[in-house]
file protein.pdb (PDB, C-alpha atoms)
ATOM      1  CA  MET A   1    -147.821  81.903  51.225
ATOM      2  CA  LEU A   2    -150.949  81.062  49.356
ATOM      3  CA  LEU A   3    -154.136  82.756  50.525
ATOM      4  CA  GLY A   4    -152.696  83.386  53.974
ATOM      5  CA  ARG A   5    -151.463  79.836  54.506
ATOM      6  CA  PRO A   6    -147.930  78.516  54.218
ATOM      7  CA  TRP A   7    -147.149  76.187  51.336
ATOM      8  CA  GLY A   8    -147.915  72.593  52.129
ATOM      9  CA  GLY A   9    -150.903  73.319  54.335
ATOM     10  CA  CYS A  10    -153.687  71.031  53.168
ATOM     11  CA  ASP A  11    -157.225  71.170  54.490
ATOM     12  CA  PRO A  12    -159.468  68.363  53.215
ATOM     13  CA  GLY A  13    -162.561  70.171  54.428
ATOM     14  CA  ARG A  14    -165.368  68.969  56.612
ATOM     15  CA  CYS A  15    -166.037  65.692  54.796
ATOM     16  CA  ALA A  16    -162.692  63.945  54.593
ATOM     17  CA  LEU A  17    -164.362  60.543  54.195
ATOM     18  CA  LEU A  18    -165.999  61.618  50.926
ATOM     19  CA  LEU A  19    -162.690  63.002  49.712
ATOM     20  CA  VAL A  20    -160.872  59.742  50.444
ATOM     21  CA  LEU A  21    -163.661  57.700  48.851
ATOM     22  CA  SER A  22    -163.619  59.781  45.681
ATOM     23  CA  LEU A  23    -159.819  59.579  45.438
ATOM     24  CA  LEU A  24    -159.908  55.798  45.870
ATOM     25  CA  LEU A  25    -162.602  55.438  43.220
ATOM     26  CA  ASP A  26    -160.584  57.634  40.857
ATOM     27  CA  ALA A  27    -157.475  55.519  41.366
ATOM     28  CA  LEU A  28    -159.367  52.248  40.977
ATOM     29  CA  GLY A  29    -161.176  53.446  37.861
ATOM     30  CA  LEU A  30    -157.979  54.685  36.269
ATOM     31  CA  VAL A  31    -156.150  51.415  36.979
ATOM     32  CA  LEU A  32    -158.998  49.349  35.555
ATOM     33  CA  LEU A  33    -159.309  51.561  32.494
ATOM     34  CA  LEU A  34    -155.597  51.530  31.697
ATOM     35  CA  LEU A  35    -155.347  47.815  32.389
ATOM     36  CA  GLY A  36    -158.200  47.164  29.994
ATOM     37  CA  ILE A  37    -156.621  49.342  27.293
ATOM     38  CA  PHE A  38    -153.009  48.214  27.473
ATOM     39  CA  ALA A  39    -153.062  44.646  28.841
ATOM     40  CA  PRO A  40    -153.525  41.845  26.288
ATOM     41  CA  LEU A  41    -156.451  40.188  28.047
ATOM     42  CA  GLY A  42    -159.494  38.450  26.638
ATOM     43  CA  TYR A  43    -161.859  40.393  28.912
ATOM     44  CA  TRP A  44    -160.472  43.852  28.139
ATOM     45  CA  ASP A  45    -163.925  45.250  27.392
ATOM     46  CA  PHE A  46    -165.133  44.452  30.923
ATOM     47  CA  LEU A  47    -162.174  46.328  32.407
ATOM     48  CA  VAL A  48    -162.628  49.340  30.128
ATOM     49  CA  TYR A  49    -166.345  49.632  30.848
ATOM     50  CA  THR A  50    -165.934  49.015  34.583
ATOM     51  CA  GLY A  51    -163.125  51.567  34.833
ATOM     52  CA  SER A  52    -165.146  54.155  32.956
ATOM     53  CA  LEU A  53    -168.221  53.598  35.108
ATOM     54  CA  THR A  54    -166.116  53.784  38.271
ATOM     55  CA  LEU A  55    -164.653  57.118  37.173
ATOM     56  CA  ALA A  56    -168.122  58.422  36.357
ATOM     57  CA  PHE A  57    -169.419  57.215  39.742
ATOM     58  CA  SER A  58    -166.583  58.991  41.544
ATOM     59  CA  LEU A  59    -167.820  62.292  40.097
ATOM     60  CA  LEU A  60    -170.887  61.898  42.301
ATOM     61  CA  PHE A  61    -168.704  61.828  45.422
ATOM     62  CA  TRP A  62    -166.592  64.748  44.178
ATOM     63  CA  THR A  63    -169.759  66.797  43.665
ATOM     64  CA  ILE A  64    -171.116  65.928  47.108
ATOM     65  CA  TRP A  65    -167.757  66.710  48.759
ATOM     66  CA  TYR A  66    -167.506  70.062  46.999
ATOM     67  CA  THR A  67    -171.115  70.979  47.767
ATOM     68  CA  LEU A  68    -170.775  70.186  51.465
ATOM     69  CA  ASN A  69    -167.611  72.310  51.713
ATOM     70  CA  ILE A  70    -169.148  75.518  50.372
ATOM     71  CA  GLU A  71    -169.137  78.094  53.144
ATOM     72  CA  LEU A  72    -171.679  80.874  52.953
ATOM     73  CA  PRO A  73    -172.296  83.406  55.723
ATOM     74  CA  LEU A  74    -175.808  83.548  57.114
ATOM     75  CA  GLU A  75    -176.088  87.211  56.077
ATOM     76  CA  LYS A  76    -175.825  86.194  52.419
ATOM     77  CA  LEU A  77    -178.775  83.841  52.711
ATOM     78  CA  ASP A  78    -182.158  85.454  52.155
ATOM     79  CA  LEU A  79    -184.040  83.713  54.925
TER      80      LEU A  79
END
call {"tool": "encode", "arguments": {"input": "protein.pdb", "output": "structure tokens"}}
result
Amino acid sequence: MLLGRPWGGCDPGRCALLLVLSLLLDALGLVLLLLGIFAPLGYWDFLVYTGSLTLAFSLLFWTIWYTLNIELPLEKLDL
């Protein structure tokens, strides 16, 4: 048990669409980056730069997903 849940229990949070989008962008960016590094292509620089920018852009979705999943009780807010 991990934090009161059995092993294998996965909760993507409230914004599963953002999670899936960030995972897809991570996978796409990694594939493009590695393809640009290791494949003997004439346009390797385009793949490296596009993969790097895609990975950087996915950080935006990771940050939004994490921020929207923060749970704070109303008593903790000083309203």
call {"tool": "closest_atom_pairs", "arguments": {"input": "protein.pdb", "of": "segment 12-32 of chain A", "to": "segment 68-74 of chain A", "cutoff": "9 Å", "atoms": "all atoms listed in the file", "output": "JSON lines"}}
result
{"residue": "A:Gly13", "atom": "CA", "partner": "A:Asn69", "partner_atom": "CA", "distance": 6.1}
{"residue": "A:Arg14", "atom": "CA", "partner": "A:Asn69", "partner_atom": "CA", "distance": 6.3}
{"residue": "A:Cys15", "atom": "CA", "partner": "A:Leu68", "partner_atom": "CA", "distance": 7.3}
call {"tool": "write_last_selection", "arguments": {"input": "protein.pdb", "atoms": "C-alpha atoms", "output": "PDB file, in the frame of the given file"}}
result
ATOM      1  CA  GLY A  13    -162.561  70.171  54.428  1.00  0.00           C
ATOM      2  CA  ARG A  14    -165.368  68.969  56.612  1.00  0.00           C
ATOM      3  CA  CYS A  15    -166.037  65.692  54.796  1.00  0.00           C
TER       4      CYS A  15
END
call {"tool": "closest_residue", "arguments": {"input": "protein.pdb", "among": "A:Thr63, A:Leu21, A:Ile37, A:Gly29", "to": "Gly51 of chain A", "atoms": "only C-alpha atoms"}}
result
A:Gly29
call {"tool": "resolve_selection", "arguments": {"input": "protein.pdb", "expression": "the PyMOL selection byres ((chain A and resi 19) around 12)", "output": "PyMOL selection string"}}
result
chain A and resi 11-18+20-26+58-69
call {"tool": "atom_distance", "arguments": {"input": "protein.pdb", "atom1": "atom CA of Leu34 of chain A", "atom2": "atom CA of Ala56 of chain A"}}
result
15.0 Å
call {"tool": "atom_distance", "arguments": {"input": "protein.pdb", "atom1": "atom CA of Trp44 of chain A", "atom2": "atom CA of Leu28 of chain A"}}
result
15.4 Å
call {"tool": "atom_distance", "arguments": {"input": "protein.pdb", "atom1": "atom CA of Leu30 of chain A", "atom2": "atom CA of Tyr43 of chain A"}}
result
16.5 Å
call {"tool": "closest_residue", "arguments": {"input": "protein.pdb", "among": "A:Leu77, A:Ala39, A:Leu33, A:Ala27", "to": "Leu53 of chain A", "atoms": "all atoms listed in the file"}}
result
A:Leu33
call {"tool": "axis_aligned_box", "arguments": {"input": "protein.pdb", "around": "segment 48-59 of chain A", "padding_each_side": "8 Å", "output": "lines of an AutoDock Vina configuration file"}}
result
center_x = -166.0
center_y = 55.7
center_z = 35.8
size_x = 22.8
size_y = 29.3
size_z = 27.4
call {"tool": "decode", "arguments": {"input": "protein.pdb", "residues": "chain A", "atoms": "C-alpha atoms", "output": "mmCIF file, in the first residue's frame"}}
result
data_model
loop_
_atom_site.group_PDB
_atom_site.id
_atom_site.type_symbol
_atom_site.label_atom_id
_atom_site.label_comp_id
_atom_site.auth_asym_id
_atom_site.auth_seq_id
_atom_site.Cartn_x
_atom_site.Cartn_y
_atom_site.Cartn_z
ATOM 1 C CA MET A 1 0.000 0.000 0.000
ATOM 2 C CA LEU A 2 1.217 3.420 -0.901
ATOM 3 C CA LEU A 3 -0.458 6.338 0.851
ATOM 4 C CA GLY A 4 -3.549 4.281 1.611
ATOM 5 C CA ARG A 5 -3.983 2.959 -1.920
ATOM 6 C CA PRO A 6 -3.093 -0.463 -3.266
ATOM 7 C CA TRP A 7 -0.210 -0.699 -5.710
ATOM 8 C CA GLY A 8 -1.275 -0.107 -9.267
ATOM 9 C CA GLY A 9 -3.968 2.419 -8.441
ATOM 10 C CA CYS A 10 -3.434 5.364 -10.762
ATOM 11 C CA ASP A 11 -5.387 8.593 -10.556
ATOM 12 C CA PRO A 12 -4.664 11.027 -13.402
ATOM 13 C CA GLY A 13 -6.361 13.844 -11.535
ATOM 14 C CA ARG A 14 -9.077 16.191 -12.638
ATOM 15 C CA CYS A 15 -7.548 17.176 -15.981
ATOM 16 C CA ALA A 16 -6.794 13.921 -17.748
ATOM 17 C CA LEU A 17 -6.850 15.625 -21.157
ATOM 18 C CA LEU A 18 -3.904 17.848 -20.205
ATOM 19 C CA LEU A 19 -2.040 14.828 -18.884
ATOM 20 C CA VAL A 20 -2.548 12.894 -22.120
ATOM 21 C CA LEU A 21 -1.587 15.924 -24.212
ATOM 22 C CA SER A 22 1.616 16.482 -22.258
ATOM 23 C CA LEU A 23 2.556 12.793 -22.486
ATOM 24 C CA LEU A 24 1.965 12.787 -26.246
ATOM 25 C CA LEU A 25 4.049 15.928 -26.700
ATOM 26 C CA ASP A 26 6.832 14.393 -24.607
ATOM 27 C CA ALA A 27 6.830 11.238 -26.713
ATOM 28 C CA LEU A 28 6.728 13.158 -29.990
ATOM 29 C CA GLY A 29 9.497 15.521 -28.908
ATOM 30 C CA LEU A 30 11.705 12.681 -27.747
ATOM 31 C CA VAL A 31 11.220 10.741 -30.993
ATOM 32 C CA LEU A 32 12.004 13.798 -33.103
ATOM 33 C CA LEU A 33 15.038 14.682 -31.012
ATOM 34 C CA LEU A 34 16.513 11.184 -31.089
ATOM 35 C CA LEU A 35 15.733 10.797 -34.776
ATOM 36 C CA GLY A 36 17.526 14.045 -35.509
ATOM 37 C CA ILE A 37 20.557 13.005 -33.446
ATOM 38 C CA PHE A 38 21.011 9.419 -34.581
ATOM 39 C CA ALA A 39 19.517 9.204 -38.092
ATOM 40 C CA PRO A 40 21.825 10.126 -40.990
ATOM 41 C CA LEU A 41 19.486 12.667 -42.563
ATOM 42 C CA GLY A 42 20.233 15.914 -44.344
ATOM 43 C CA TYR A 43 17.636 17.819 -42.302
ATOM 44 C CA TRP A 44 18.791 16.612 -38.882
ATOM 45 C CA ASP A 45 18.935 20.148 -37.501
ATOM 46 C CA PHE A 46 15.212 20.674 -38.153
ATOM 47 C CA LEU A 47 14.382 17.495 -36.232
ATOM 48 C CA VAL A 48 16.653 18.377 -33.311
ATOM 49 C CA TYR A 49 15.264 21.895 -32.975
ATOM 50 C CA THR A 50 11.650 20.793 -33.446
ATOM 51 C CA GLY A 51 12.030 17.995 -30.897
ATOM 52 C CA SER A 52 13.599 20.339 -28.377
ATOM 53 C CA LEU A 53 10.890 22.956 -28.836
ATOM 54 C CA THR A 54 8.186 20.299 -28.533
ATOM 55 C CA LEU A 55 9.669 19.077 -25.252
ATOM 56 C CA ALA A 56 9.874 22.642 -23.967
ATOM 57 C CA PHE A 57 6.262 23.280 -25.034
ATOM 58 C CA SER A 58 5.092 20.163 -23.200
ATOM 59 C CA LEU A 59 6.413 21.660 -19.953
ATOM 60 C CA LEU A 60 3.661 24.261 -20.246
ATOM 61 C CA PHE A 61 1.002 21.533 -20.202
ATOM 62 C CA TRP A 62 2.733 19.699 -17.343
ATOM 63 C CA THR A 63 2.727 22.914 -15.302
ATOM 64 C CA ILE A 64 -0.941 23.601 -16.029
ATOM 65 C CA TRP A 65 -1.903 19.996 -15.196
ATOM 66 C CA TYR A 66 0.004 20.088 -11.917
ATOM 67 C CA THR A 67 -1.387 23.494 -10.955
ATOM 68 C CA LEU A 68 -4.985 22.467 -11.603
ATOM 69 C CA ASN A 69 -4.554 19.319 -9.484
ATOM 70 C CA ILE A 70 -3.397 21.090 -6.325
ATOM 71 C CA GLU A 71 -6.014 20.570 -3.642
ATOM 72 C CA LEU A 72 -6.190 23.113 -0.861
ATOM 73 C CA PRO A 73 -8.924 23.210 1.782
ATOM 74 C CA LEU A 74 -10.940 26.401 1.993
ATOM 75 C CA GLU A 75 -9.829 26.882 5.614
ATOM 76 C CA LYS A 76 -6.229 27.303 4.451
ATOM 77 C CA LEU A 77 -7.160 30.139 2.124
ATOM 78 C CA ASP A 78 -7.182 33.572 3.728
ATOM 79 C CA LEU A 79 -10.321 34.898 2.105
#
